[in-house]
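Colleague: The following file, my_file_35.cif, comprises mmCIF, C-alpha atoms:
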```cif
data_final
#
loop_
_atom_site.label_atom_id
_atom_site.label_comp_id
_atom_site.auth_asym_id
_atom_site.auth_seq_id
_atom_site.Cartn_x
_atom_site.Cartn_y
_atom_site.Cartn_z
CA MET V 1 254.82 65.39 110.85
CA ILE V 2 253.18 62.23 112.21
CA VAL V 3 254.87 62.57 115.64
CA ALA V 4 253.10 64.84 118.13
CA ASP V 5 254.63 68.28 118.67
CA ILE V 6 255.02 67.72 122.42
CA ILE V 7 256.90 64.46 121.87
CA GLN V 8 259.18 66.15 119.32
CA GLN V 9 259.92 68.80 121.93
CA GLN V 10 260.52 66.24 124.66
CA LEU V 11 262.81 64.17 122.45
CA GLY V 12 265.00 67.25 122.16
CA GLN V 13 265.12 67.45 125.97
CA SER V 14 265.54 63.70 126.44
CA SER V 15 267.80 62.28 129.05
CA PHE V 16 271.57 62.73 128.95
CA ILE V 17 271.69 59.41 130.81
CA ARG V 18 270.42 57.34 127.91
CA ARG V 19 272.38 59.30 125.36
CA MET V 20 275.63 58.66 127.21
CA PHE V 21 274.73 55.02 127.75
CA GLU V 22 274.22 54.59 124.02
CA GLU V 23 277.53 56.35 123.39
CA GLY V 24 279.10 53.79 125.72
CA ILE V 25 277.82 50.95 123.54
CA ARG V 26 279.47 52.59 120.52
CA LEU V 27 282.78 53.17 122.33
CA LYS V 28 282.93 49.61 123.66
CA ALA V 29 282.49 48.25 120.15
CA GLU V 30 285.19 50.60 118.92
CA ARG V 31 287.80 50.34 121.71
CA GLY V 32 286.96 47.10 123.48
CA GLU V 33 284.91 46.80 126.65
CA ALA V 34 287.94 46.71 128.97
CA ASN V 35 289.01 50.15 127.72
CA VAL V 36 285.73 51.95 128.45
CA PHE V 37 284.62 52.95 131.96
CA ASP V 38 280.88 53.47 131.80
CA PHE V 39 279.48 55.30 134.84
CA THR V 40 276.28 56.42 133.14
CA LEU V 41 273.33 54.15 133.92
CA GLY V 42 271.96 53.30 137.37
CA ASN V 43 271.60 49.64 136.44
CA PRO V 44 272.37 47.71 139.65
CA GLY V 45 275.52 45.67 139.26
CA GLU V 46 274.92 43.42 142.25
CA ASP V 47 272.93 40.21 141.82
CA PRO V 48 269.55 39.94 143.58
CA PRO V 49 269.80 38.66 147.17
CA ALA V 50 269.86 34.88 147.40
CA GLY V 51 266.49 34.79 149.16
CA VAL V 52 264.87 36.67 146.29
CA THR V 53 266.25 34.27 143.70
CA ALA V 54 265.18 31.27 145.79
CA SER V 55 261.67 32.67 146.18
CA PHE V 56 261.42 33.32 142.45
CA GLN V 57 262.48 29.74 141.72
CA GLU V 58 259.95 28.38 144.21
CA VAL V 59 257.12 30.45 142.74
CA ALA V 60 258.01 29.17 139.27
CA ARG V 61 258.34 25.55 140.49
CA ARG V 62 255.03 25.61 142.33
CA ASN V 63 253.21 27.25 139.39
CA ALA V 64 249.97 27.36 141.35
CA PRO V 65 246.76 27.19 139.28
CA GLY V 66 245.56 30.65 138.29
CA SER V 67 248.80 32.33 139.34
CA HIS V 68 249.30 34.00 135.95
CA GLY V 69 245.83 35.46 135.46
CA TYR V 70 244.21 38.79 136.19
CA MET V 71 243.90 39.89 139.78
CA PRO V 72 242.32 43.03 141.28
CA ASN V 73 243.87 46.04 139.52
CA ALA V 74 245.48 47.13 142.80
CA GLY V 75 247.30 43.79 143.05
CA TYR V 76 247.06 40.64 145.14
CA PRO V 77 245.56 41.43 148.57
CA ARG V 78 248.13 39.18 150.28
CA THR V 79 251.06 41.04 148.70
CA ARG V 80 249.54 44.41 149.52
CA ALA V 81 248.99 43.28 153.11
CA VAL V 82 252.66 42.31 153.45
CA VAL V 83 253.77 45.68 152.07
CA ALA V 84 251.30 47.58 154.27
CA GLU V 85 252.41 45.74 157.40
CA ARG V 86 256.05 46.68 156.84
CA LEU V 87 255.16 50.28 156.01
CA ALA V 88 253.11 50.55 159.19
CA HIS V 89 256.02 49.19 161.23
CA ALA V 90 258.58 51.50 159.57
CA THR V 91 256.54 54.71 159.71
CA GLY V 92 254.21 54.29 162.69
CA VAL V 93 251.33 55.13 160.34
CA PRO V 94 248.47 52.56 160.07
CA PHE V 95 248.84 51.61 156.41
CA GLY V 96 246.47 48.86 155.31
CA VAL V 97 245.67 46.85 152.21
CA GLY V 98 243.46 49.68 150.97
CA ASN V 99 246.43 52.05 150.88
CA VAL V 100 248.78 49.99 148.67
CA LEU V 101 248.68 49.70 144.87
CA MET V 102 251.17 47.31 143.26
CA THR V 103 252.67 48.95 140.18
CA ILE V 104 254.91 48.58 137.14
CA GLY V 105 257.95 49.84 139.01
CA CYS V 106 258.38 53.24 140.57
CA ALA V 107 257.67 55.03 137.29
CA GLY V 108 254.30 53.30 137.07
CA ALA V 109 253.48 54.37 140.61
CA MET V 110 254.44 57.98 139.99
CA ASN V 111 252.59 58.30 136.70
CA SER V 112 249.48 56.75 138.25
CA VAL V 113 249.35 59.15 141.19
CA LEU V 114 250.23 62.23 139.11
CA LYS V 115 247.46 61.39 136.64
CA ALA V 116 245.11 60.99 139.59
CA MET V 117 246.03 64.41 141.04
CA LEU V 118 246.90 66.86 138.27
CA ASN V 119 244.66 69.14 136.28
CA PRO V 120 246.24 70.87 133.27
CA GLY V 121 248.31 73.80 134.51
CA ASP V 122 248.76 72.44 138.04
CA GLU V 123 252.26 72.70 139.46
CA VAL V 124 254.59 70.19 141.09
CA ILE V 125 257.53 71.59 143.07
CA VAL V 126 260.74 69.65 142.44
CA PRO V 127 264.02 70.36 144.28
CA ALA V 128 267.06 70.48 141.99
CA PRO V 129 269.11 68.46 141.18
CA PHE V 130 266.43 65.95 140.20
CA PHE V 131 265.89 62.74 138.22
CA PRO V 132 265.35 64.02 134.64
CA ASP V 133 262.25 61.98 133.83
CA TYR V 134 260.26 63.80 136.54
CA ARG V 135 259.81 66.61 134.02
CA PHE V 136 258.14 64.25 131.57
CA TYR V 137 256.05 62.41 134.16
CA ILE V 138 254.57 65.72 135.27
CA GLY V 139 254.14 66.95 131.69
CA ASN V 140 252.33 63.73 130.73
CA PHE V 141 249.22 65.07 132.46
CA GLY V 142 249.48 68.76 131.62
CA GLY V 143 251.31 69.64 134.80
CA LYS V 144 254.16 72.11 135.18
CA MET V 145 257.39 71.44 137.04
CA ALA V 146 258.36 74.25 139.41
CA LEU V 147 262.09 73.90 140.13
CA VAL V 148 263.45 75.00 143.51
CA GLU V 149 267.19 75.01 144.15
CA THR V 150 268.60 73.12 147.11
CA ARG V 151 271.31 74.53 149.37
CA GLY V 152 275.03 74.31 148.63
CA ASP V 153 275.20 70.91 150.36
CA PHE V 154 272.12 69.76 148.38
CA SER V 155 269.90 69.77 151.47
CA LEU V 156 266.33 71.05 151.11
CA ASP V 157 265.78 74.80 151.25
CA VAL V 158 262.38 74.76 152.89
CA ALA V 159 262.03 78.55 152.79
CA ALA V 160 262.54 78.46 149.02
CA ILE V 161 259.94 75.70 148.71
CA GLU V 162 257.44 77.77 150.70
CA ALA V 163 258.13 80.79 148.50
CA ALA V 164 257.46 78.67 145.39
CA ILE V 165 253.97 77.59 146.52
CA THR V 166 251.15 79.09 144.45
CA PRO V 167 247.39 78.43 144.29
CA ARG V 168 248.18 75.89 141.51
CA THR V 169 250.67 73.87 143.58
CA ARG V 170 249.33 70.33 143.93
CA ALA V 171 252.40 68.37 144.99
CA ILE V 172 256.03 68.46 146.07
CA LEU V 173 258.23 65.66 144.76
CA LEU V 174 260.97 64.49 147.12
CA ASN V 175 263.65 61.86 146.47
CA SER V 176 265.74 60.78 149.47
CA PRO V 177 268.37 59.36 149.29
CA ASN V 178 268.62 61.56 146.26
CA ASN V 179 269.48 60.72 142.69
CA PRO V 180 271.95 62.20 141.70
CA THR V 181 273.45 63.71 144.87
CA GLY V 182 273.14 60.85 147.38
CA VAL V 183 271.90 63.31 150.03
CA ILE V 184 269.48 62.14 152.73
CA TYR V 185 266.93 64.76 153.81
CA SER V 186 267.04 65.15 157.58
CA GLU V 187 264.17 64.61 160.00
CA ALA V 188 264.42 68.26 161.11
CA THR V 189 264.06 69.45 157.51
CA LEU V 190 261.05 67.21 156.91
CA ARG V 191 259.41 68.53 160.09
CA GLU V 192 260.04 72.07 158.87
CA LEU V 193 258.40 71.17 155.56
CA GLU V 194 255.39 69.66 157.35
CA ALA V 195 254.92 72.94 159.21
CA VAL V 196 254.91 74.77 155.87
CA LEU V 197 252.30 72.40 154.46
CA GLN V 198 250.12 72.83 157.52
CA ARG V 199 250.23 76.61 156.98
CA ALA V 200 249.30 76.34 153.31
CA ASP V 201 245.80 77.46 152.37
CA HIS V 202 245.07 74.35 150.29
CA PRO V 203 246.11 70.67 150.45
CA ILE V 204 249.54 69.89 148.95
CA VAL V 205 250.69 66.28 148.68
CA VAL V 206 254.31 65.23 149.12
CA VAL V 207 255.18 62.47 146.64
CA SER V 208 258.07 60.63 148.27
CA ASP V 209 260.13 58.75 145.68
CA GLU V 210 261.92 56.04 147.69
CA PRO V 211 263.77 53.44 145.57
CA TYR V 212 267.06 54.00 147.43
CA THR V 213 266.00 53.99 151.10
CA ALA V 214 267.70 50.62 151.74
CA ILE V 215 271.02 51.82 150.28
CA VAL V 216 272.62 54.04 152.94
CA TYR V 217 276.21 54.30 154.16
CA ASP V 218 278.26 54.76 157.32
CA GLY V 219 275.42 53.63 159.57
CA ALA V 220 273.14 56.45 158.42
CA THR V 221 269.38 56.23 158.69
CA CYS V 222 266.95 57.64 156.15
CA PRO V 223 263.94 59.38 157.74
CA LEU V 224 260.75 58.36 155.97
CA PRO V 225 258.60 61.33 154.96
CA ALA V 226 255.36 59.41 155.61
CA SER V 227 256.29 59.16 159.29
CA ILE V 228 256.43 62.97 159.52
CA ILE V 229 254.34 64.49 156.72
CA SER V 230 250.59 63.99 156.86
CA ASN V 231 249.74 64.46 153.18
CA CYS V 232 252.26 61.95 151.84
CA VAL V 233 252.21 59.27 149.18
CA ILE V 234 255.08 56.86 148.56
CA THR V 235 256.32 55.68 145.17
CA THR V 236 259.01 53.02 145.14
CA SER V 237 260.26 49.80 143.60
CA TRP V 238 262.51 46.83 144.22
CA SER V 239 264.59 47.74 141.14
CA LYS V 240 267.51 49.20 143.07
CA LYS V 241 267.56 47.40 146.42
CA TRP V 242 267.11 43.94 144.88
CA GLY V 243 268.90 44.57 141.56
CA LEU V 244 265.68 43.98 139.58
CA ALA V 245 265.63 46.99 137.29
CA GLY V 246 264.40 44.87 134.38
CA GLU V 247 261.49 43.28 136.23
CA ARG V 248 259.45 46.44 136.88
CA ILE V 249 257.81 45.74 140.23
CA GLY V 250 256.97 48.49 142.69
CA TYR V 251 254.12 50.09 144.60
CA LEU V 252 252.25 53.27 145.40
CA ALA V 253 251.20 53.77 149.02
CA VAL V 254 248.76 56.52 149.99
CA SER V 255 249.10 57.47 153.64
CA PRO V 256 245.80 57.06 155.50
CA LYS V 257 246.50 60.54 156.92
CA VAL V 258 246.10 62.13 153.46
CA ALA V 259 242.99 64.24 153.06
CA ASP V 260 240.54 62.15 150.98
CA ALA V 261 242.97 59.20 151.04
CA ASP V 262 240.35 56.71 149.86
CA ALA V 263 239.36 58.88 146.91
CA LEU V 264 242.98 59.44 145.90
CA PHE V 265 243.73 55.72 146.13
CA ALA V 266 240.70 54.80 144.01
CA ALA V 267 241.72 57.43 141.44
CA ALA V 268 245.27 56.07 141.32
CA VAL V 269 244.03 52.49 140.79
CA PHE V 270 241.81 53.70 137.96
CA SER V 271 244.66 55.76 136.49
CA SER V 272 247.01 52.78 136.58
CA ARG V 273 244.48 50.75 134.59
CA VAL V 274 243.69 53.35 131.94
CA LEU V 275 247.37 54.16 131.46
CA GLY V 276 247.59 50.58 130.24
CA PHE V 277 249.47 49.08 133.18
CA ILE V 278 246.40 46.93 134.15
CA ASN V 279 248.27 45.24 137.00
CA ALA V 280 251.80 44.64 138.23
CA PRO V 281 253.51 41.35 137.18
CA ALA V 282 251.87 38.46 139.02
CA VAL V 283 255.03 36.39 139.49
CA TRP V 284 256.95 39.25 141.11
CA GLN V 285 254.03 40.09 143.39
CA HIS V 286 254.28 36.51 144.69
CA VAL V 287 258.04 36.92 145.21
CA VAL V 288 257.56 40.21 147.08
CA ALA V 289 255.11 38.52 149.43
CA ALA V 290 257.46 35.59 150.00
CA ALA V 291 260.72 37.50 150.58
CA PRO V 292 259.81 40.97 151.89
CA ASP V 293 262.79 41.42 154.20
CA GLU V 294 265.66 40.66 151.83
CA SER V 295 268.31 43.39 151.80
CA PRO V 296 270.95 44.52 149.29
CA ASP V 297 274.72 44.18 149.71
CA VAL V 298 275.33 47.78 150.76
CA GLU V 299 278.96 47.06 151.70
CA ALA V 300 279.82 46.37 148.06
CA TYR V 301 278.47 49.76 147.02
CA GLN V 302 280.17 51.50 149.95
CA GLU V 303 283.53 50.00 149.00
CA LYS V 304 283.16 51.38 145.48
CA ARG V 305 281.95 54.73 146.82
CA ASP V 306 284.99 55.08 149.07
CA LEU V 307 287.46 54.05 146.38
CA LEU V 308 286.02 56.47 143.82
CA CYS V 309 285.43 59.41 146.17
CA ASP V 310 288.80 59.14 147.91
CA GLY V 311 290.56 58.80 144.56
CA LEU V 312 288.82 61.80 143.00
CA ALA V 313 289.30 63.95 146.09
CA GLY V 314 292.98 63.03 146.13
CA PHE V 315 293.35 64.30 142.57
CA GLY V 316 291.64 67.58 143.44
CA TYR V 317 288.02 67.07 142.44
CA GLU V 318 285.46 68.78 144.70
CA LEU V 319 282.74 66.42 145.95
CA ARG V 320 280.66 65.28 148.89
CA LYS V 321 280.53 61.60 149.70
CA PRO V 322 276.97 60.40 149.11
CA GLN V 323 275.05 59.35 152.21
CA GLY V 324 272.94 56.92 150.23
CA ALA V 325 271.87 55.69 146.76
CA PHE V 326 274.64 54.65 144.40
CA TYR V 327 275.75 57.81 142.66
CA VAL V 328 278.59 60.29 143.15
CA PHE V 329 278.00 63.90 142.05
CA PRO V 330 281.31 65.78 141.88
CA LYS V 331 281.86 69.29 140.62
CA THR V 332 283.41 69.47 137.20
CA PRO V 333 286.75 71.32 137.28
CA ILE V 334 285.49 73.69 134.57
CA PRO V 335 282.05 75.32 134.60
CA ASP V 336 280.98 73.66 131.34
CA ASP V 337 280.03 70.19 132.54
CA VAL V 338 279.15 68.99 129.03
CA ALA V 339 282.58 69.98 127.75
CA PHE V 340 284.28 68.28 130.67
CA THR V 341 282.40 65.01 130.18
CA ARG V 342 283.54 65.11 126.55
CA LEU V 343 287.14 65.36 127.78
CA LEU V 344 286.48 62.35 130.01
CA GLN V 345 285.05 60.50 127.05
CA GLU V 346 288.33 60.96 125.18
CA GLU V 347 289.95 59.00 128.03
CA GLY V 348 287.28 56.28 127.82
CA VAL V 349 285.26 57.48 130.85
CA LEU V 350 281.52 57.99 130.43
CA ALA V 351 279.80 60.32 132.89
CA VAL V 352 276.47 62.16 132.76
CA PRO V 353 276.62 65.99 132.77
CA GLY V 354 274.93 67.59 135.77
CA SER V 355 272.98 69.81 133.39
CA GLY V 356 270.76 66.82 132.70
CA PHE V 357 269.76 66.85 136.39
CA GLY V 358 269.18 70.59 136.59
CA ARG V 359 272.58 71.46 138.07
CA ALA V 360 275.27 72.63 135.64
CA GLY V 361 278.91 72.37 136.68
CA TYR V 362 278.57 68.84 138.08
CA MET V 363 278.57 65.29 136.73
CA ARG V 364 276.94 62.07 137.88
CA LEU V 365 278.94 58.85 138.23
CA SER V 366 277.07 55.61 138.92
CA LEU V 367 278.53 53.05 141.33
CA THR V 368 276.83 50.16 139.55
CA VAL V 369 280.08 49.08 137.91
CA PRO V 370 282.54 46.41 139.14
CA LEU V 371 285.09 47.48 141.75
CA ASP V 372 287.86 46.73 139.25
CA THR V 373 286.34 49.20 136.80
CA VAL V 374 286.46 51.92 139.45
CA ALA V 375 290.10 51.16 140.23
CA ARG V 376 291.21 51.07 136.59
CA SER V 377 289.35 54.29 135.75
CA LEU V 378 291.12 56.50 138.29
CA PRO V 379 294.19 57.36 136.17
CA ALA V 380 291.83 58.49 133.39
CA PHE V 381 290.12 60.90 135.79
CA ALA V 382 293.53 62.31 136.76
CA ARG V 383 294.60 62.75 133.13
CA THR V 384 291.33 64.51 132.28
CA LEU V 385 291.79 66.88 135.19
CA GLU V 386 295.19 67.84 133.78
CA LYS V 387 293.75 68.29 130.28
CA SER V 388 291.16 70.68 131.70
CA GLY V 389 293.90 72.90 133.09
CA ARG V 390 293.67 71.66 136.69
CA PRO V 391 296.66 69.40 137.46
CA GLY V 392 295.82 66.13 139.16
CA GLN V 393 297.90 63.69 141.17
CA PRO V 394 297.68 60.28 139.45
#
```
Before anything else, please render the file you have as C-alpha cells.
Modeller:
Amino acid sequence: MIVADIIQQQLGQSSFIRRMFEEGIRLKAERGEANVFDFTLGNPGEDPPAGVTASFQEVARRNAPGSHGYMPNAGYPRTRAVVAERLAHATGVPFGVGNVLMTIGCAGAMNSVLKAMLNPGDEVIVPAPFFPDYRFYIGNFGGKMALVETRGDFSLDVAAIEAAITPRTRAILLNSPNNPTGVIYSEATLRELEAVLQRADHPIVVVSDEPYTAIVYDGATCPLPASIISNCVITTSWSKKWGLAGERIGYLAVSPKVADADALFAAAVFSSRVLGFINAPAVWQHVVAAAPDESPDVEAYQEKRDLLCDGLAGFGYELRKPQGAFYVFPKTPIPDDVAFTRLLQEEGVLAVPGSGFGRAGYMRLSLTVPLDTVARSLPAFARTLEKSGRPGQP
C-alpha cells in the first residue's frame, strides 16, 4: 500500500463533519437544495463586515510595490504590532511584536506550536467534547491526546484535568467559546486551572483556541485565558468573526509570561516554515492591519440561535442555549446519535453526530445557515422526534 499506515488509520477516523457535508451535496442534487437543511459545516453564512471588504479593495487598488513578496516568516512587523497592541489591551499582558506569528489560519497556528512543543509520546489534555481535528493535529507530531470529560453542563472539570496530568503532559488545549457546545469557560474556572498549573512539577502550556471569542450572546463576556494563565499561547483566526473561512489568515501569540517565551516563539516560527506554510497571505495581513476592530453581526446569529433552540425545546429536545460560537449541541432523543442523525437525514436534515466530537448521545447543528432555513427545518425536527418514539409538538 502506497499510503502510510497512520494516514490509513486516520482516514478511518476522519471527521463526521466533512462526511455529512459531502452527503449534503449528494442530497441537494437528488432532492433539490430547498428540500435539504444542512446544519453540518461551520462555514460562516454572514458576509464579511463592510470595513473588511473596503480594506481589501483598497489594498488591491493600491497594489503597493513589493506587497506580494516574501516577508519575515513571522509576518509583517506592522501587522504583528497591531495584533499585539490589541492583545495587550484585552488581556493586560504586555504582548509585543516578538510574541505574534501570523499564520495560515488557526490550524496553521496550532500545528506550528504543537510541532514546536511535542516530543513523541508527549501528552496534550483535551476536554471533551472537542473539535475532531485536534486529535490529528496532536498526532501529527507523535503526541497523544488525553481526553478529560467536562461536567454535565459542559463546564471544565478542573479536578479531572489535574488528575489527568502525568510527567508527559506538555499542554492543555482549551476552546472557549467551545465548538461544539457553545459554552464559555468562566473566569473562576480559569483561575482554578491556573492554580493547578502552578502546583504542577513541570511547565504545562495552555493552548487557547480562540476563533469564536467575538461571537457571544445575551451580553456575555468571554474571559481570555492569557489574562489569567501564565503559561498560555493563543491560536486564532479571522475565519469565523469576519466570515473568511476560505482565506486562511490567523495568528499564534505566545504570552511573554510563558517560561522560555522567546525560545518557544522562535521554535514556532521555524516550525511554521518547515511545515511548508512559509508565511501567512500578504494581502490579508495588510487587511488585518487596516481593519483590526471590525466586528461580526452577532445579532444575526443570535436570532437563529433563539429560533432553533426555542423550537427544539418546544418539541421536547433537551439542550442548553449556547453562550457563544455558532453551534447548538442538543441531546439526541435516543442514545445512538448516529442512528438519530440518519433519521433526521430521511427528513432532509443534516446534523453531525456528537460521537464525532467525543460525546455520544448528542448532535451538533451549525447556525451558519439562513434564518429561513432554520424556520423551514423545524417541522422536520418534530417529525423525526416522533419517528424516534418521542412525540414532538410540530
Colleague: Could you tell me which residues the PyMOL selection byres ((chain V and resi 230) around 6) returns for this structure, as number ranges by chain?
Modeller: V: 229, 231-232, 257-258
Colleague: Which one of V:Leu371, V:Leu344, V:Leu114, V:Val93 sits closest to Leu275 in chain V if you count all atoms listed in the file?
Modeller: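 Closest residue, counting all atoms listed in the file: V:Leu114.
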Colleague: What would the selection look like, as a ChimeraX atom specification, if the PyMOL selection byres ((chain V and resi 108) around 10) were run on the coordinates I just shared?
Modeller: /V:102-107,109-113,137,235-237,248-252,271-272,275-277,280
Colleague: Considering only C-alpha atoms, can you say which of V:Pro281, V:Val287, V:Pro256, V:Val82 comes closest to Ala54 in chain V?
Modeller: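 Closest candidate: V:Val287.
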Colleague: List as a PyMOL selection string the protein and nucleic acid residues near Ser255 in chain V, meaning an atom at most 7 Å away when all atoms listed in the file are counted, but skip any in the same chain fewer than 4 places from it.
Modeller: chain V and resi 95+99+226+232-233+261
Colleague: Which residues would end up in the selection if the PyMOL selection byres ((chain V and resi 130) around 10) were applied here, given that I need the answer as a compact mmCIF listing (two decimals) with C-alpha atoms, in the frame of the given file?
Modeller:
```
# COMPACT_ATOMS: atom_id res chain seq x y z
CA VAL V 126 260.74 69.65 142.44
CA PRO V 127 264.02 70.36 144.28
CA ALA V 128 267.06 70.48 141.99
CA PRO V 129 269.11 68.46 141.18
CA PHE V 131 265.89 62.74 138.22
CA PRO V 132 265.35 64.02 134.64
CA ASP V 133 262.25 61.98 133.83
CA TYR V 134 260.26 63.80 136.54
CA ARG V 135 259.81 66.61 134.02
CA LEU V 147 262.09 73.90 140.13
CA GLU V 149 267.19 75.01 144.15
CA LEU V 173 258.23 65.66 144.76
CA LEU V 174 260.97 64.49 147.12
CA ASN V 175 263.65 61.86 146.47
CA ASN V 178 268.62 61.56 146.26
CA ASN V 179 269.48 60.72 142.69
CA PRO V 180 271.95 62.20 141.70
CA THR V 181 273.45 63.71 144.87
CA GLY V 354 274.93 67.59 135.77
CA GLY V 356 270.76 66.82 132.70
CA PHE V 357 269.76 66.85 136.39
CA GLY V 358 269.18 70.59 136.59
CA ARG V 359 272.58 71.46 138.07
```
Colleague: Let me make sure I understand: among V:Lys387, V:Arg61, V:Asn43, V:Ala164, which one has the smallest atom-to-atom distance to Ala325 in chain V if we use all atoms listed in the file?
Modeller: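 Comparing V:Lys387, V:Arg61, V:Asn43, V:Ala164 against Ala325 in chain V, the winner is V:Asn43.
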Colleague: Here is a test: counting all atoms listed in the file, which residue of V:Gly121, V:Pro370, V:Gly142, V:Pro335 is nearest to Ser355 in chain V?
Modeller: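 Closest candidate: V:Pro335.
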Colleague: Show which residues sit within 10 Å of Ile125 in chain V, as a JSON list (two decimals) with C-alpha atoms, in the coordinates of the input. Count all atoms listed in the file, and ignore same-chain residues fewer than 3 positions away.
Modeller:
```json
[["chain", "number", "residue", "atom", "x", "y", "z"],
["V", 128, "ALA", "CA", 267.06, 70.48, 141.99],
["V", 144, "LYS", "CA", 254.16, 72.11, 135.18],
["V", 145, "MET", "CA", 257.39, 71.44, 137.04],
["V", 146, "ALA", "CA", 258.36, 74.25, 139.41],
["V", 147, "LEU", "CA", 262.09, 73.90, 140.13],
["V", 148, "VAL", "CA", 263.45, 75.00, 143.51],
["V", 161, "ILE", "CA", 259.94, 75.70, 148.71],
["V", 162, "GLU", "CA", 257.44, 77.77, 150.70],
["V", 164, "ALA", "CA", 257.46, 78.67, 145.39],
["V", 165, "ILE", "CA", 253.97, 77.59, 146.52],
["V", 166, "THR", "CA", 251.15, 79.09, 144.45],
["V", 169, "THR", "CA", 250.67, 73.87, 143.58],
["V", 170, "ARG", "CA", 249.33, 70.33, 143.93],
["V", 171, "ALA", "CA", 252.40, 68.37, 144.99],
["V", 172, "ILE", "CA", 256.03, 68.46, 146.07],
["V", 173, "LEU", "CA", 258.23, 65.66, 144.76],
["V", 174, "LEU", "CA", 260.97, 64.49, 147.12],
["V", 206, "VAL", "CA", 254.31, 65.23, 149.12]]
```
Colleague: Counting only C-alpha atoms, I want the residues whose atoms come within 7 Å of (249.8, 37.6, 137.2) in the file frame, returned as a PyMOL selection string.
Modeller: chain V and resi 67-71+281-283
Colleague: Between CA of Phe270 in chain V and CA of Phe141 in chain V, measure the distance and give it in Å to one decimal.
Modeller: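 Here the two named atoms are 14.6 Å from each other.
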Colleague: Enter the distance from CA of Gly324 in chain V to CA of Pro177 in chain V, in Å, rounded to one decimal.
Modeller: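 Here the two named atoms are 5.3 Å from each other.
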Colleague: My list of candidates is V:Val124, V:Ala84, V:Val352, V:Leu367. Which is closest to Val298 in chain V when distances are computed with only C-alpha atoms?
Modeller: V:Leu367
Colleague: Report, in Å with one decimal, the straight-line distance from CA of Pro223 in chain V to CA of Ser55 in chain V.
Modeller: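 That distance, rounded to one decimal, is 29.2 Å.
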Colleague: Quick one: what's the axis-aligned box for range 26-37 of chain V, all listed atoms, 4 Å on every side, centre and edges in Å to one decimal, as lines of an AutoDock Vina configuration file?
Modeller:
```
center_x = 284.2
center_y = 49.9
center_z = 125.4
size_x = 17.5
size_y = 14.5
size_z = 21.0
```
Colleague: So that I can see what lies close to Leu27 in chain V, please list as a ChimeraX atom specification the residues with an atom at most 12 Å from it, counting all atoms listed in the file and leaving out residues fewer than 6 positions away in the same chain.
Modeller: /V:20-21,33-38,345-350
Colleague: From the options V:Pro292, V:Pro49, V:Gly32, V:Gly246, which residue's atoms come nearest to Arg86 in chain V, counting all atoms listed in the file?
Modeller: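 That would be V:Pro292, the residue with the smallest distance to Arg86 in chain V.
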Colleague: Can you find the residues with an atom no farther than 12 Å from (260.0, 32.5, 142.4), counting all atoms listed in the file, and report them as a VMD selection string?
Modeller: chain V and resid 50 to 64 67 282 to 291
Colleague: Name the residues in contact with Asp122 in chain V at a cut-off of 6 Å, using only C-alpha atoms, excluding same-chain residues fewer than 3 positions from it; report them as number ranges by chain.
Modeller: V: 118-119, 143, 168
